[in-house]
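Chemist: Contents of entry-v6.cif (mmCIF, C-alpha atoms):
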data_entry
loop_
_atom_site.label_atom_id
_atom_site.label_comp_id
_atom_site.auth_asym_id
_atom_site.auth_seq_id
_atom_site.Cartn_x
_atom_site.Cartn_y
_atom_site.Cartn_z
CA MET D 1 161.86 27.52 -28.65
CA LYS D 2 162.40 31.26 -28.33
CA ARG D 3 164.03 32.49 -25.17
CA ASP D 4 167.22 34.16 -24.09
CA ASP D 5 168.99 31.22 -22.43
CA ALA D 6 171.85 33.24 -21.00
CA LYS D 7 169.50 35.72 -19.39
CA LYS D 8 167.34 32.92 -17.95
CA ARG D 9 170.39 31.32 -16.35
CA ASP D 10 171.63 34.60 -14.85
CA ASP D 11 168.40 35.75 -13.24
CA GLY D 12 168.60 33.45 -10.21
CA PRO D 13 166.60 30.46 -8.91
CA LYS D 14 163.15 32.03 -9.34
CA ALA D 15 163.85 32.88 -12.98
CA LYS D 16 165.08 29.31 -13.58
CA GLN D 17 161.91 27.85 -12.08
CA SER D 18 159.80 30.23 -14.16
CA ALA D 19 161.68 29.16 -17.29
CA VAL D 20 160.90 25.49 -16.66
CA GLU D 21 157.21 26.20 -16.02
CA ASP D 22 156.96 28.20 -19.27
CA ARG D 23 154.49 26.55 -21.65
CA GLU D 24 157.11 26.55 -24.43
CA PHE D 25 159.66 24.67 -22.36
CA PRO D 26 159.81 21.00 -23.47
CA PHE D 27 159.36 19.60 -19.93
CA ALA D 28 156.83 22.17 -18.66
CA GLY D 29 153.82 19.82 -18.65
CA PRO D 30 155.33 16.90 -16.67
CA PHE D 31 157.05 19.37 -14.33
CA ARG D 32 153.81 21.17 -13.44
CA GLU D 33 151.96 17.85 -13.20
CA PHE D 34 154.55 16.58 -10.70
CA LEU D 35 154.21 19.69 -8.52
CA VAL D 36 150.42 19.25 -8.43
CA PHE D 37 150.95 15.59 -7.48
CA LEU D 38 153.17 16.62 -4.56
CA LYS D 39 150.55 19.08 -3.32
CA THR D 40 147.36 17.07 -3.81
CA GLU D 41 148.37 13.40 -3.51
CA ARG D 42 151.43 13.60 -1.29
CA ALA D 43 150.07 16.59 0.70
CA LEU D 44 153.58 17.97 1.20
CA SER D 45 154.23 21.34 2.78
CA PRO D 46 154.87 24.41 0.57
CA HIS D 47 158.45 24.50 1.85
CA THR D 48 159.11 20.89 0.79
CA ILE D 49 157.44 21.39 -2.61
CA ASP D 50 159.60 24.46 -3.18
CA SER D 51 162.72 22.36 -2.53
CA TYR D 52 161.60 19.85 -5.17
CA ARG D 53 160.82 22.71 -7.55
CA ARG D 54 164.33 24.18 -7.23
CA ASP D 55 166.12 20.84 -7.51
CA LEU D 56 164.19 19.69 -10.56
CA ALA D 57 164.25 23.05 -12.34
CA ALA D 58 168.05 22.96 -12.26
CA TYR D 59 168.06 19.35 -13.54
CA LEU D 60 165.61 19.99 -16.40
CA LEU D 61 167.46 23.10 -17.54
CA TRP D 62 170.65 21.04 -17.56
CA LEU D 63 168.95 18.43 -19.79
CA ASP D 64 167.78 21.20 -22.09
CA ASP D 65 171.32 22.55 -22.38
CA ARG D 66 172.47 19.06 -23.44
CA GLY D 67 169.92 19.06 -26.25
CA ILE D 68 167.54 16.57 -24.61
CA ARG D 69 164.04 17.72 -25.52
CA ALA D 70 161.96 14.70 -24.43
CA LEU D 71 162.04 12.95 -21.06
CA ARG D 72 161.70 9.56 -22.74
CA ASN D 73 165.16 10.16 -24.20
CA THR D 74 166.75 10.43 -20.75
CA LYS D 75 169.29 7.64 -20.21
CA ARG D 76 171.24 6.33 -17.25
CA ASP D 77 174.36 7.98 -18.66
CA ASP D 78 172.58 11.34 -18.44
CA LEU D 79 171.87 10.76 -14.76
CA ARG D 80 175.49 9.77 -14.17
CA ALA D 81 176.68 12.91 -15.94
CA TYR D 82 174.30 15.11 -13.94
CA ALA D 83 175.36 13.48 -10.67
CA THR D 84 178.99 14.24 -11.55
CA HIS D 85 178.01 17.79 -12.51
CA ILE D 86 176.41 18.64 -9.17
CA ALA D 87 178.97 16.67 -7.13
CA LYS D 88 181.71 18.96 -8.48
CA ARG D 89 179.98 21.93 -6.84
CA GLY D 90 181.19 20.78 -3.41
CA LEU D 91 177.72 20.51 -1.92
CA ALA D 92 177.22 19.14 1.58
CA ALA D 93 176.40 15.43 1.71
CA ARG D 94 172.86 16.08 2.98
CA THR D 95 172.16 18.59 0.20
CA LEU D 96 173.46 16.15 -2.42
CA ALA D 97 171.35 13.33 -0.94
CA ARG D 98 168.25 15.55 -1.05
CA LYS D 99 168.85 16.40 -4.72
CA PHE D 100 169.24 12.71 -5.58
CA SER D 101 166.05 11.95 -3.67
CA SER D 102 164.20 14.61 -5.69
CA LEU D 103 165.39 13.00 -8.92
CA ARG D 104 164.32 9.52 -7.82
CA ILE D 105 160.82 10.57 -6.79
CA PHE D 106 160.38 12.62 -9.97
CA HIS D 107 161.44 9.79 -12.29
CA ARG D 108 159.37 7.25 -10.37
CA HIS D 109 156.38 9.54 -10.90
CA LEU D 110 157.19 9.77 -14.63
CA VAL D 111 157.22 5.98 -14.93
CA GLU D 112 153.88 5.68 -13.07
CA ARG D 113 152.32 8.30 -15.38
CA GLY D 114 153.64 6.64 -18.53
CA HIS D 115 156.12 9.38 -19.48
CA LEU D 116 159.03 6.92 -19.10
CA LYS D 117 159.28 3.17 -19.65
CA GLU D 118 161.95 2.65 -16.99
CA ASP D 119 163.51 4.62 -14.15
CA PRO D 120 167.09 5.68 -14.99
CA THR D 121 167.93 6.81 -11.43
CA SER D 122 169.09 3.35 -10.32
CA VAL D 123 172.63 4.52 -11.09
CA LEU D 124 172.48 7.24 -8.43
CA LEU D 125 174.32 6.32 -5.25
CA SER D 126 173.53 8.68 -2.40
CA PRO D 127 176.46 9.78 -0.26
CA ARG D 128 176.81 8.11 3.13
CA LEU D 129 175.42 10.50 5.71
CA PRO D 130 176.87 10.80 9.20
CA LEU D 131 174.47 9.78 11.96
CA ARG D 132 173.12 13.03 13.37
CA LEU D 133 171.54 12.40 16.73
CA PRO D 134 168.66 14.63 17.80
CA HIS D 135 169.56 16.85 20.73
CA ALA D 136 167.43 16.31 23.83
CA LEU D 137 167.59 18.34 27.03
CA PRO D 138 167.92 16.63 30.41
CA VAL D 139 164.69 16.45 32.41
CA ALA D 140 166.10 18.90 34.95
CA THR D 141 166.79 21.47 32.22
CA ILE D 142 163.29 21.12 30.80
CA GLU D 143 161.86 21.68 34.26
CA LYS D 144 164.13 24.67 34.77
CA LEU D 145 162.90 26.23 31.54
CA LEU D 146 159.26 25.55 32.39
CA ASP D 147 159.50 26.79 35.96
CA ALA D 148 161.25 30.00 34.89
CA THR D 149 158.42 30.85 32.48
CA GLU D 150 156.07 32.55 34.93
CA PRO D 151 152.42 31.86 34.07
CA ASP D 152 151.41 35.46 34.78
CA GLY D 153 150.47 38.08 32.24
CA ASN D 154 149.16 37.45 28.75
CA LEU D 155 152.43 36.31 27.18
CA GLY D 156 153.76 34.49 30.23
CA ALA D 157 150.65 32.34 30.46
CA ARG D 158 150.82 31.64 26.73
CA ASP D 159 154.49 30.70 26.74
CA ARG D 160 154.18 28.39 29.74
CA ALA D 161 151.14 26.73 28.14
CA MET D 162 152.95 26.29 24.79
CA PHE D 163 156.03 24.73 26.37
CA GLU D 164 154.01 22.39 28.60
CA PHE D 165 151.82 21.41 25.63
CA LEU D 166 154.82 20.68 23.38
CA TYR D 167 156.65 18.67 26.01
CA ALA D 168 153.48 16.70 26.81
CA THR D 169 152.66 15.85 23.20
CA GLY D 170 155.95 15.81 21.28
CA MET D 171 154.30 17.69 18.42
CA ARG D 172 156.32 19.30 15.67
CA VAL D 173 156.41 23.09 15.94
CA SER D 174 154.55 23.30 12.63
CA GLU D 175 151.78 21.17 14.19
CA LEU D 176 151.71 23.29 17.32
CA ILE D 177 151.30 26.64 15.58
CA GLN D 178 148.50 25.24 13.41
CA PHE D 179 146.77 23.37 16.25
CA PRO D 180 143.12 24.53 16.30
CA LEU D 181 141.30 25.55 19.45
CA ARG D 182 138.37 23.30 18.45
CA SER D 183 140.66 20.24 18.76
CA TYR D 184 141.49 20.93 22.40
CA HIS D 185 139.30 18.73 24.62
CA PRO D 186 140.91 18.50 28.08
CA ASP D 187 138.19 16.23 29.47
CA ASP D 188 139.31 13.51 27.03
CA ARG D 189 142.94 13.92 28.15
CA MET D 190 143.85 13.31 24.50
CA VAL D 191 144.47 15.62 21.55
CA ARG D 192 143.96 14.87 17.88
CA CYS D 193 146.91 16.11 15.83
CA THR D 194 147.06 16.45 12.05
CA GLY D 195 150.62 15.89 10.90
CA LYS D 196 152.55 15.37 7.68
CA GLY D 197 150.50 14.14 4.77
CA ASN D 198 147.31 15.12 6.62
CA LYS D 199 147.68 12.01 8.78
CA GLU D 200 145.88 12.18 12.10
CA ARG D 201 147.06 10.73 15.39
CA LEU D 202 145.88 10.78 19.00
CA ILE D 203 148.30 11.85 21.72
CA PRO D 204 147.69 11.68 25.48
CA LEU D 205 147.76 15.00 27.33
CA GLY D 206 149.05 15.17 30.91
CA SER D 207 147.58 17.11 33.82
CA ARG D 208 150.38 19.70 33.93
CA ALA D 209 149.79 20.64 30.29
CA ILE D 210 146.01 20.77 30.77
CA GLU D 211 146.39 23.01 33.82
CA SER D 212 148.67 25.43 31.94
CA VAL D 213 146.57 25.55 28.75
CA ASP D 214 143.36 26.08 30.74
CA ARG D 215 145.01 28.93 32.63
CA TYR D 216 146.10 30.50 29.34
CA LEU D 217 142.59 30.20 27.93
CA ASP D 218 141.01 31.71 31.04
CA LEU D 219 143.59 34.44 31.59
CA SER D 220 145.06 35.65 28.34
CA ARG D 221 143.95 34.19 25.01
CA TRP D 222 140.81 36.32 24.86
CA LYS D 223 142.89 39.39 25.71
CA LEU D 224 145.37 38.66 22.91
CA LEU D 225 142.49 38.38 20.43
CA GLN D 226 141.46 42.00 21.11
CA GLY D 227 138.00 41.32 19.77
CA LYS D 228 139.21 39.41 16.71
CA ARG D 229 138.81 35.75 15.85
CA SER D 230 141.48 33.15 15.20
CA PRO D 231 141.19 29.36 14.84
CA GLN D 232 144.63 28.65 16.32
CA LEU D 233 144.98 27.72 19.97
CA PHE D 234 148.19 29.68 20.48
CA LEU D 235 148.39 33.30 19.35
CA ASN D 236 151.02 35.98 18.94
CA ALA D 237 150.87 39.36 20.68
CA ARG D 238 148.65 40.73 17.88
CA GLY D 239 146.04 38.02 18.22
CA SER D 240 147.04 36.06 15.10
CA GLY D 241 148.57 32.62 14.65
CA LEU D 242 152.25 32.19 15.47
CA SER D 243 154.96 31.52 12.89
CA ARG D 244 157.87 29.09 13.29
CA MET D 245 160.26 32.02 13.60
CA GLY D 246 157.97 33.61 16.16
CA PHE D 247 158.04 30.46 18.27
CA TRP D 248 161.82 30.22 17.95
CA LYS D 249 162.25 33.79 19.18
CA ILE D 250 160.00 33.09 22.16
CA LEU D 251 161.93 29.94 23.06
CA ARG D 252 165.29 31.68 22.77
CA LYS D 253 164.10 34.62 24.93
CA ARG D 254 162.70 32.35 27.65
CA ALA D 255 165.83 30.17 27.64
CA ILE D 256 168.02 33.22 28.24
CA GLU D 257 165.76 34.33 31.09
CA ALA D 258 165.94 30.84 32.63
CA GLY D 259 169.73 30.71 32.34
CA VAL D 260 169.56 27.69 30.01
CA SER D 261 172.73 27.64 27.93
CA GLU D 262 172.23 24.27 26.21
CA LYS D 263 171.75 24.10 22.46
CA LEU D 264 168.13 24.68 21.51
CA SER D 265 166.13 24.28 18.32
CA PRO D 266 162.44 24.48 17.44
CA HIS D 267 162.36 20.66 17.82
CA THR D 268 163.95 20.66 21.29
CA PHE D 269 160.76 19.68 23.09
CA ARG D 270 159.93 16.98 20.52
CA HIS D 271 163.36 15.37 20.83
CA SER D 272 163.21 15.59 24.63
CA PHE D 273 159.69 14.11 24.67
CA ALA D 274 160.78 11.03 22.70
CA THR D 275 164.06 10.53 24.54
CA HIS D 276 162.54 10.84 28.00
CA LEU D 277 159.74 8.40 27.14
CA LEU D 278 162.26 5.78 26.00
CA GLU D 279 164.43 6.41 29.05
CA GLY D 280 161.35 5.81 31.19
CA GLY D 281 160.64 2.45 29.56
CA ALA D 282 158.12 3.27 26.80
CA SER D 283 158.14 0.94 23.81
CA LEU D 284 159.53 2.10 20.48
CA ARG D 285 156.17 1.39 18.79
CA ASP D 286 154.28 3.57 21.27
CA VAL D 287 156.72 6.44 20.79
CA GLN D 288 156.47 6.02 17.00
CA GLU D 289 152.68 6.32 17.24
CA MET D 290 152.82 9.48 19.36
CA LEU D 291 155.45 11.14 17.17
CA GLY D 292 153.53 10.32 13.99
CA HIS D 293 156.45 8.61 12.24
CA SER D 294 155.31 6.46 9.32
CA ASP D 295 158.52 4.40 9.45
CA LEU D 296 159.81 2.82 12.65
CA SER D 297 163.40 3.37 11.52
CA THR D 298 162.86 7.12 11.91
CA THR D 299 161.98 6.60 15.57
CA GLN D 300 164.87 4.19 16.16
CA ILE D 301 167.38 7.04 16.10
CA TYR D 302 166.15 7.90 19.60
CA THR D 303 167.36 4.55 20.86
CA ALA D 304 170.86 5.72 19.94
CA VAL D 305 170.23 8.86 22.00
CA ASP D 306 169.06 6.66 24.87
CA ARG D 307 172.22 4.54 24.69
CA THR D 308 174.34 7.70 24.64
CA TYR D 309 172.52 8.93 27.74
CA LEU D 310 173.05 5.63 29.57
CA LYS D 311 176.77 5.65 28.73
CA GLU D 312 177.06 9.18 30.09
CA VAL D 313 175.25 8.20 33.31
CA HIS D 314 177.57 5.21 33.67
CA ARG D 315 180.64 7.36 33.05
CA GLN D 316 179.58 9.91 35.66
CA PHE D 317 178.43 7.65 38.44
CA HIS D 318 180.12 4.27 38.22
CA PRO D 319 183.17 4.21 40.54
CA ARG D 320 185.33 2.38 38.01
CA ALA D 321 184.04 3.85 34.78
#
Could you write out this file's structure as structure tokens?

Modeler:
Amino acid sequence: MKRDDAKKRDDGPKAKQSAVEDREFPFAGPFREFLVFLKTERALSPHTIDSYRRDLAAYLLWLDDRGIRALRNTKRDDLRAYATHIAKRGLAARTLARKFSSLRIFHRHLVERGHLKEDPTSVLLSPRLPLRLPHALPVATIEKLLDATEPDGNLGARDRAMFEFLYATGMRVSELIQFPLRSYHPDDRMVRCTGKGNKERLIPLGSRAIESVDRYLDLSRWKLLQGKRSPQLFLNARGSGLSRMGFWKILRKRAIEAGVSEKLSPHTFRHSFATHLLEGGASLRDVQEMLGHSDLSTTQIYTAVDRTYLKEVHRQFHPRA
């Protein structure tokens, strides 16, 4: 195979990925096939697919450097050696766990497609990850943020409607910014959300959110469009769909105006939605359904948040705590 290996390695991540996808590279076919599988069958986001692409490009180039030219020749000892290789780089535990996960899914796919007889990744032991609880705002802080976002003017009406809508539905920000106007049916008091893997779910919509979104539609959305057309419900100041960064900037600006100093993230409303439902007595299964989690264990982390909240309430208000 003719290529300048040293140059390929020194040109950065994009050059490495390009090298692996080169038709002359020994693993190019299975690599490209796997990326298509992630996009078409797993329906993963471009961001997630790019993470797999980077992780696996580095792994396949490493195999090539060791003289392994066929995936069927990959042994458990090779996986052990690669695990040791990347562990020496001092990566964070979550990054290392993600890379191991990429390797497992890739090799499982190779077995299913007949490229390998057995999966050699059984030797990979993911690092123990610390429990990272999602950060939820107290109800009073959510209300403070909502009340401080005046529903006047084009952007004020939009921002209040977005925040009310997110808090009412618990949608991911990526779901919010892609939410189509045609899916908003306030008379049904439910919204149909398309989430990860193109899975659909129905989420109830409260009266406060409906009132704010209707006001936004009547007052400002048509003004933001400026004669253009856009399928998204929520628009930026130029009449186009919002980006994740655009939403984050809006949230940060409104939080400063409201005097909210608590830690915020694009998922703040989602975490608060789930936590407040559980605090109010909702069942874990119901919350799982509304959040769109495929695995109940993903939702169960909010029960830990709920217990933390109860302990804090007890500490503050019990006379002998």

Chemist: Can you work out the spacing between atom CA of D:Arg53 and atom CA of D:Glu200 in Å, to one decimal?

Modeler: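 Going from atom CA of D:Arg53 over to atom CA of D:Glu200 covers 26.8 Å.
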
Chemist: As a PyMOL selection string, please: the residues near stretch 225-239 of chain D (cut-off 12 Å, all atoms listed in the file, same-chain neighbours under 3 positions excluded).

Modeler: chain D and resi 153-163+165-166+173-185+213-214+216-217+219-222+242-247+249-250

Chemist: Given all atoms listed in the file as the basis, pick out the residue of D:Glu112, D:Glu143, D:Asp55, D:Glu279 nearest to D:Phe100.

Modeler: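 So, comparing all the options, the nearest one is D:Asp55.
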
Chemist: Pick from D:Arg201, D:Arg94, D:Arg254, D:Arg89: nearest to D:Ala148, with all atoms listed in the file counted?

Modeler: D:Arg254

Chemist: Calculate how many Å separate atom CA of D:Gly280 from atom CA of D:Met171, rounding to one decimal.

Modeler: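 Spanning atom CA of D:Gly280 to atom CA of D:Met171 is a straight-line distance of 18.8 Å.
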